[in-house]
Every structure is written in structure tokens, then in C-alpha cells.
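Novice: There's a structure below that I have some questions on.
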Amino acid sequence: MYYLIVVFLVVIDQLVKWWVRAAIPLGQSIPFIPYLMDLTYVQNTGAAFSVFSQHTWLLTLISLAGSALLAFLLWKNYFPGWMGKLSLSLVLAGAVGNLIDRALAGYVTDMFQTTFINFAVFNVADICVCCGGALLVVYVLFFWDKDKEAGK
């Protein structure tokens with residue numbers, strides 16, 4: 001079931017990126033959610049906040065290795081509770097979504113630009129990684145030990 005979540009989120013991520021590339025000229029914006037967010041087509045060759053922008057090949061390899069590790073942990077049931085599995089699924093979906101962009105295009109398509117605060121432009125895969133990472137922290141701090149004990 002968790003792999004279906006990964007596939008679903010990767011498909012959503014890729015569809016949104018495809019639509020943005022097809023509908024919005026590079027560097028241009030269209031209103032999305034008034035007073036909160038615009039859709040702005042940006043090509044990011046780096047990681048978060050464009051760090052390592054000259055090393056897309058390295059980021060591609062790191063994304064590939066990270067995705068393989070996350071898939072392995074999910075398959076091996078490393079985190080026995082549903083929250084742990086969901087968090088791994090979210091992070092994996094985000095890693096794979098951005099890996100596809102880096103491997104096929106040499107950049108990641110970003111589109112969500114906040115209008116109420118100056119923040120980096122981001123995409124669906126980034127949202128998955130951030131939400132999954134936050135959920136994983138909560139799971140490890142508060143629930144992982146209990147799930148491990150219950151599984152014994």
C-alpha cells in the first residue's frame with residue numbers, strides 16, 4: 001500500500017511539473033492562491049535554495065542512492081508503525097520526483113512561490129520531502145520505540 005502512495009505522489013508531482021512547463025513561460029508567474037501563492041516556472045539545477053547548482057550530476061547520484069535506501073527501508077519494514085512507513089513513503093516520493101527531473105532534464109522544475117513572504121520557489125516533491133521529514137522526526141521521537149516494543 002505504501003508503494004502505491006509513492007507512485008501516486010510521484011505521478012502528481014510529474015503531472016504538475018509537466019503542466020507548468022507547458023503553460024507558463026520560464027521565469028513568468030500566474031496567480032494561484034490570492035495573497036498567498038503564485039505559480040512561477042523556475043528551473044533549479046541545485047538542491048534546496050539552489051545550493052550545489054553547479055553539481056547536478058552529484059545531486060542526481062545522491063538522489064538515486066537516497067531513493068534506493070528509502071525504498072529498502074520501506075521494504076524491510078524498518079519502521080514498523082504506519083506513521084514511520086508513511087513518512088518514508090513521503091520522503092521517497094519527493095526524492096524520486098526530483099530525481100526524475102534531474103536525470104531527464106538536468107534541472108528540477110519548481111513552481112510554488114509564496115507572495116506573503118520571500119521564500120524559495122518549490123514543488124510537490126519538495127512538499128513531500130518536508131512533510132515526510134517532519135513526520136519522521138515526530139515518529140522517531142515519540143512512537144518508534146513503542147512500535148518496536150509492540151512488534152517483539
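We label chains A, B, ... in the order they appear in the C-alpha cells, count residues from 1 in each chain, and number ligands from 1 in the order shown.
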From a DSSP calculation on the backbone, collect every residue of stretch 3-116 of chain A in helix (DSSP H, G or I) and output the set as number ranges by chain.
Specialist: A: 3-23, 48-50, 56-75, 82-105
Novice: Using only C-alpha atoms, which residues sit within 9 Å of A:Val96 once same-chain residues fewer than 3 positions away are excluded, as a list of chain:residue names?
Specialist: A:Val6, A:Val10, A:Ser63, A:Leu64, A:Ser67, A:Val91, A:Leu92, A:Ala93, A:Leu99, A:Ile100, A:Asp101, A:Ala125
Novice: Extract, using only C-alpha atoms, all DNA, RNA and protein residues at most 12 Å from A:Asp13, discarding same-chain residues fewer than 3 positions from it, and format them as a PyMOL selection string.
Specialist: chain A and resi 6-10+16-20+90+93-101+108-111+122-129
Novice: In stretch 91-135 of chain A, what's strand (DSSP E) per DSSP? Answer as a list in words?
Specialist: Val108, Thr109, Asp110, Met111, Phe112, Gln113 and Thr114 of chain A
Novice: Taking N, CA and C atoms for each residue, export the selection above as a short mmCIF file (atom, residue, chain, number, x, y, z; two decimals), in the first residue's frame.
Specialist:
```cif
data_model
loop_
_atom_site.label_atom_id
_atom_site.label_comp_id
_atom_site.auth_asym_id
_atom_site.auth_seq_id
_atom_site.Cartn_x
_atom_site.Cartn_y
_atom_site.Cartn_z
N VAL A 108 15.52 20.68 -11.81
CA VAL A 108 14.24 20.38 -11.17
C VAL A 108 13.29 21.53 -11.48
N THR A 109 12.09 21.20 -11.90
CA THR A 109 11.06 22.22 -12.14
C THR A 109 10.41 22.60 -10.82
N ASP A 110 10.50 23.88 -10.48
CA ASP A 110 9.85 24.42 -9.29
C ASP A 110 8.76 25.38 -9.72
N MET A 111 7.72 25.54 -8.88
CA MET A 111 6.60 26.38 -9.31
C MET A 111 5.86 27.13 -8.21
N PHE A 112 5.89 26.68 -6.99
CA PHE A 112 5.11 27.35 -5.95
C PHE A 112 5.94 28.48 -5.33
N GLN A 113 5.45 29.71 -5.50
CA GLN A 113 6.16 30.87 -4.96
C GLN A 113 5.23 31.62 -4.01
N THR A 114 5.64 31.69 -2.76
CA THR A 114 4.83 32.40 -1.78
C THR A 114 4.87 33.90 -2.08
#
```
Novice: Near A:Thr115, counting only C-alpha atoms, which residues have an atom at most 7 Å away, once you skip same-chain residues fewer than 2 positions from it, shown as a PyMOL selection string?
Specialist: chain A and resi 35-38+113+117-118
Novice: Which is closest to A:Gln14 among A:Leu104, A:Gly81, A:Val140, A:Pro31, if we use only C-alpha atoms?
Specialist: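 Using only C-alpha atoms, A:Gln14 sits closest to A:Leu104.
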Novice: Which residues are close to A:Met83, i.e. within 12 Å by only C-alpha atoms, leaving aside same-chain residues fewer than 2 positions away? Reply as a list of chain:residue names.
Specialist: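 My list of contacting residues is A:Tyr2, A:Leu74, A:Asn77, A:Tyr78, A:Phe79, A:Pro80, A:Gly81, A:Lys85, A:Leu86, A:Ser87, A:Leu88, A:Ser89, A:Leu90, A:Cys131, A:Gly132, A:Gly133, A:Ala134, A:Leu135, A:Leu136, A:Val137, A:Val138, A:Tyr139, A:Val140, A:Leu141, A:Phe142, A:Phe143, A:Trp144, A:Asp147.
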Novice: Would you save the residues of that selection, restricted to N, CA, C and O atoms, as an mmCIF file, in the first residue's frame?
Specialist:
```
data_model
loop_
_atom_site.group_PDB
_atom_site.id
_atom_site.type_symbol
_atom_site.label_atom_id
_atom_site.label_comp_id
_atom_site.auth_asym_id
_atom_site.auth_seq_id
_atom_site.Cartn_x
_atom_site.Cartn_y
_atom_site.Cartn_z
ATOM 1 N N TYR A 2 1.967 1.250 0.743
ATOM 2 C CA TYR A 2 2.801 2.440 0.833
ATOM 3 C C TYR A 2 3.516 2.731 -0.483
ATOM 4 O O TYR A 2 3.753 3.889 -0.814
ATOM 5 N N LEU A 74 11.753 0.900 3.532
ATOM 6 C CA LEU A 74 10.310 0.679 3.474
ATOM 7 C C LEU A 74 10.003 -0.803 3.246
ATOM 8 O O LEU A 74 9.145 -1.382 3.907
ATOM 9 N N ASN A 77 10.587 -2.986 6.257
ATOM 10 C CA ASN A 77 9.728 -2.651 7.395
ATOM 11 C C ASN A 77 10.556 -2.118 8.568
ATOM 12 O O ASN A 77 10.330 -2.460 9.723
ATOM 13 N N TYR A 78 11.521 -1.268 8.245
ATOM 14 C CA TYR A 78 12.439 -0.743 9.258
ATOM 15 C C TYR A 78 11.695 0.021 10.343
ATOM 16 O O TYR A 78 12.028 -0.074 11.514
ATOM 17 N N PHE A 79 10.720 0.807 9.943
ATOM 18 C CA PHE A 79 9.851 1.488 10.902
ATOM 19 C C PHE A 79 8.522 0.739 10.911
ATOM 20 O O PHE A 79 7.756 0.818 9.959
ATOM 21 N N PRO A 80 8.226 0.004 11.995
ATOM 22 C CA PRO A 80 7.064 -0.888 11.982
ATOM 23 C C PRO A 80 5.708 -0.193 12.006
ATOM 24 O O PRO A 80 4.723 -0.752 11.544
ATOM 25 N N GLY A 81 5.628 1.014 12.514
ATOM 26 C CA GLY A 81 4.339 1.689 12.621
ATOM 27 C C GLY A 81 3.919 2.362 11.324
ATOM 28 O O GLY A 81 4.737 2.683 10.467
ATOM 29 N N LYS A 85 6.137 4.315 8.239
ATOM 30 C CA LYS A 85 6.045 3.905 6.834
ATOM 31 C C LYS A 85 5.529 5.041 5.955
ATOM 32 O O LYS A 85 6.010 5.248 4.842
ATOM 33 N N LEU A 86 4.556 5.779 6.459
ATOM 34 C CA LEU A 86 4.035 6.918 5.698
ATOM 35 C C LEU A 86 5.106 7.987 5.527
ATOM 36 O O LEU A 86 5.259 8.547 4.440
ATOM 37 N N SER A 87 5.865 8.262 6.578
ATOM 38 C CA SER A 87 6.908 9.275 6.468
ATOM 39 C C SER A 87 7.971 8.856 5.450
ATOM 40 O O SER A 87 8.404 9.663 4.623
ATOM 41 N N LEU A 88 8.390 7.593 5.485
ATOM 42 C CA LEU A 88 9.342 7.098 4.483
ATOM 43 C C LEU A 88 8.756 7.204 3.080
ATOM 44 O O LEU A 88 9.467 7.562 2.127
ATOM 45 N N SER A 89 7.485 6.906 2.931
ATOM 46 C CA SER A 89 6.822 6.975 1.628
ATOM 47 C C SER A 89 6.822 8.398 1.087
ATOM 48 O O SER A 89 7.073 8.619 -0.109
ATOM 49 N N LEU A 90 6.541 9.360 1.949
ATOM 50 C CA LEU A 90 6.528 10.764 1.513
ATOM 51 C C LEU A 90 7.917 11.222 1.087
ATOM 52 O O LEU A 90 8.075 11.846 0.025
ATOM 53 N N CYS A 131 7.287 17.438 4.495
ATOM 54 C CA CYS A 131 6.239 16.851 5.345
ATOM 55 C C CYS A 131 6.657 15.475 5.847
ATOM 56 O O CYS A 131 6.466 15.142 7.023
ATOM 57 N N GLY A 132 7.228 14.664 4.963
ATOM 58 C CA GLY A 132 7.693 13.337 5.364
ATOM 59 C C GLY A 132 8.820 13.410 6.371
ATOM 60 O O GLY A 132 8.865 12.632 7.329
ATOM 61 N N GLY A 133 9.739 14.345 6.180
ATOM 62 C CA GLY A 133 10.841 14.513 7.125
ATOM 63 C C GLY A 133 10.349 14.952 8.491
ATOM 64 O O GLY A 133 10.795 14.428 9.526
ATOM 65 N N ALA A 134 9.426 15.902 8.525
ATOM 66 C CA ALA A 134 8.862 16.364 9.802
ATOM 67 C C ALA A 134 8.109 15.227 10.492
ATOM 68 O O ALA A 134 8.244 15.026 11.711
ATOM 69 N N LEU A 135 7.323 14.485 9.732
ATOM 70 C CA LEU A 135 6.581 13.354 10.291
ATOM 71 C C LEU A 135 7.539 12.289 10.818
ATOM 72 O O LEU A 135 7.294 11.688 11.873
ATOM 73 N N LEU A 136 8.645 12.068 10.115
ATOM 74 C CA LEU A 136 9.634 11.086 10.550
ATOM 75 C C LEU A 136 10.267 11.492 11.884
ATOM 76 O O LEU A 136 10.463 10.648 12.759
ATOM 77 N N VAL A 137 10.562 12.772 12.039
ATOM 78 C CA VAL A 137 11.123 13.256 13.306
ATOM 79 C C VAL A 137 10.140 12.996 14.448
ATOM 80 O O VAL A 137 10.516 12.477 15.505
ATOM 81 N N VAL A 138 8.879 13.330 14.237
ATOM 82 C CA VAL A 138 7.855 13.098 15.269
ATOM 83 C C VAL A 138 7.764 11.606 15.576
ATOM 84 O O VAL A 138 7.721 11.194 16.743
ATOM 85 N N TYR A 139 7.755 10.791 14.534
ATOM 86 C CA TYR A 139 7.646 9.335 14.721
ATOM 87 C C TYR A 139 8.826 8.792 15.523
ATOM 88 O O TYR A 139 8.640 8.047 16.493
ATOM 89 N N VAL A 140 10.042 9.157 15.123
ATOM 90 C CA VAL A 140 11.229 8.630 15.802
ATOM 91 C C VAL A 140 11.277 9.101 17.260
ATOM 92 O O VAL A 140 11.603 8.322 18.159
ATOM 93 N N LEU A 141 10.929 10.357 17.508
ATOM 94 C CA LEU A 141 10.993 10.886 18.869
ATOM 95 C C LEU A 141 9.922 10.313 19.796
ATOM 96 O O LEU A 141 10.184 10.094 20.979
ATOM 97 N N PHE A 142 8.732 10.050 19.273
ATOM 98 C CA PHE A 142 7.620 9.726 20.150
ATOM 99 C C PHE A 142 7.005 8.333 19.976
ATOM 100 O O PHE A 142 6.330 7.856 20.895
ATOM 101 N N PHE A 143 7.190 7.697 18.844
ATOM 102 C CA PHE A 143 6.448 6.456 18.592
ATOM 103 C C PHE A 143 7.295 5.251 18.206
ATOM 104 O O PHE A 143 6.839 4.122 18.337
ATOM 105 N N TRP A 144 8.499 5.446 17.699
ATOM 106 C CA TRP A 144 9.287 4.342 17.166
ATOM 107 C C TRP A 144 9.569 3.286 18.227
ATOM 108 O O TRP A 144 9.389 2.087 18.004
ATOM 109 N N ASP A 147 6.499 1.237 18.937
ATOM 110 C CA ASP A 147 6.186 0.314 17.846
ATOM 111 C C ASP A 147 7.158 -0.865 17.830
ATOM 112 O O ASP A 147 6.758 -1.995 17.543
#
```
Novice: What is the distance between atom CA of A:Val42 and atom CA of A:Gln28, in Å to one decimal?
Specialist: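 If I compute the distance from atom CA of A:Val42 to atom CA of A:Gln28, I get 8.2 Å.
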Novice: What is the distance between atom CA of A:Gly106 and atom CA of A:Trp75, in Å to one decimal?
Specialist: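 Result for atom CA of A:Gly106 versus atom CA of A:Trp75: 29.0 Å, one decimal.
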Novice: Please indicate the distance in Å from atom CA of A:Thr40 to atom CA of A:Pro25, rounded to one decimal place.
Specialist: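 Separating atom CA of A:Thr40 from atom CA of A:Pro25 is a distance of 8.7 Å.
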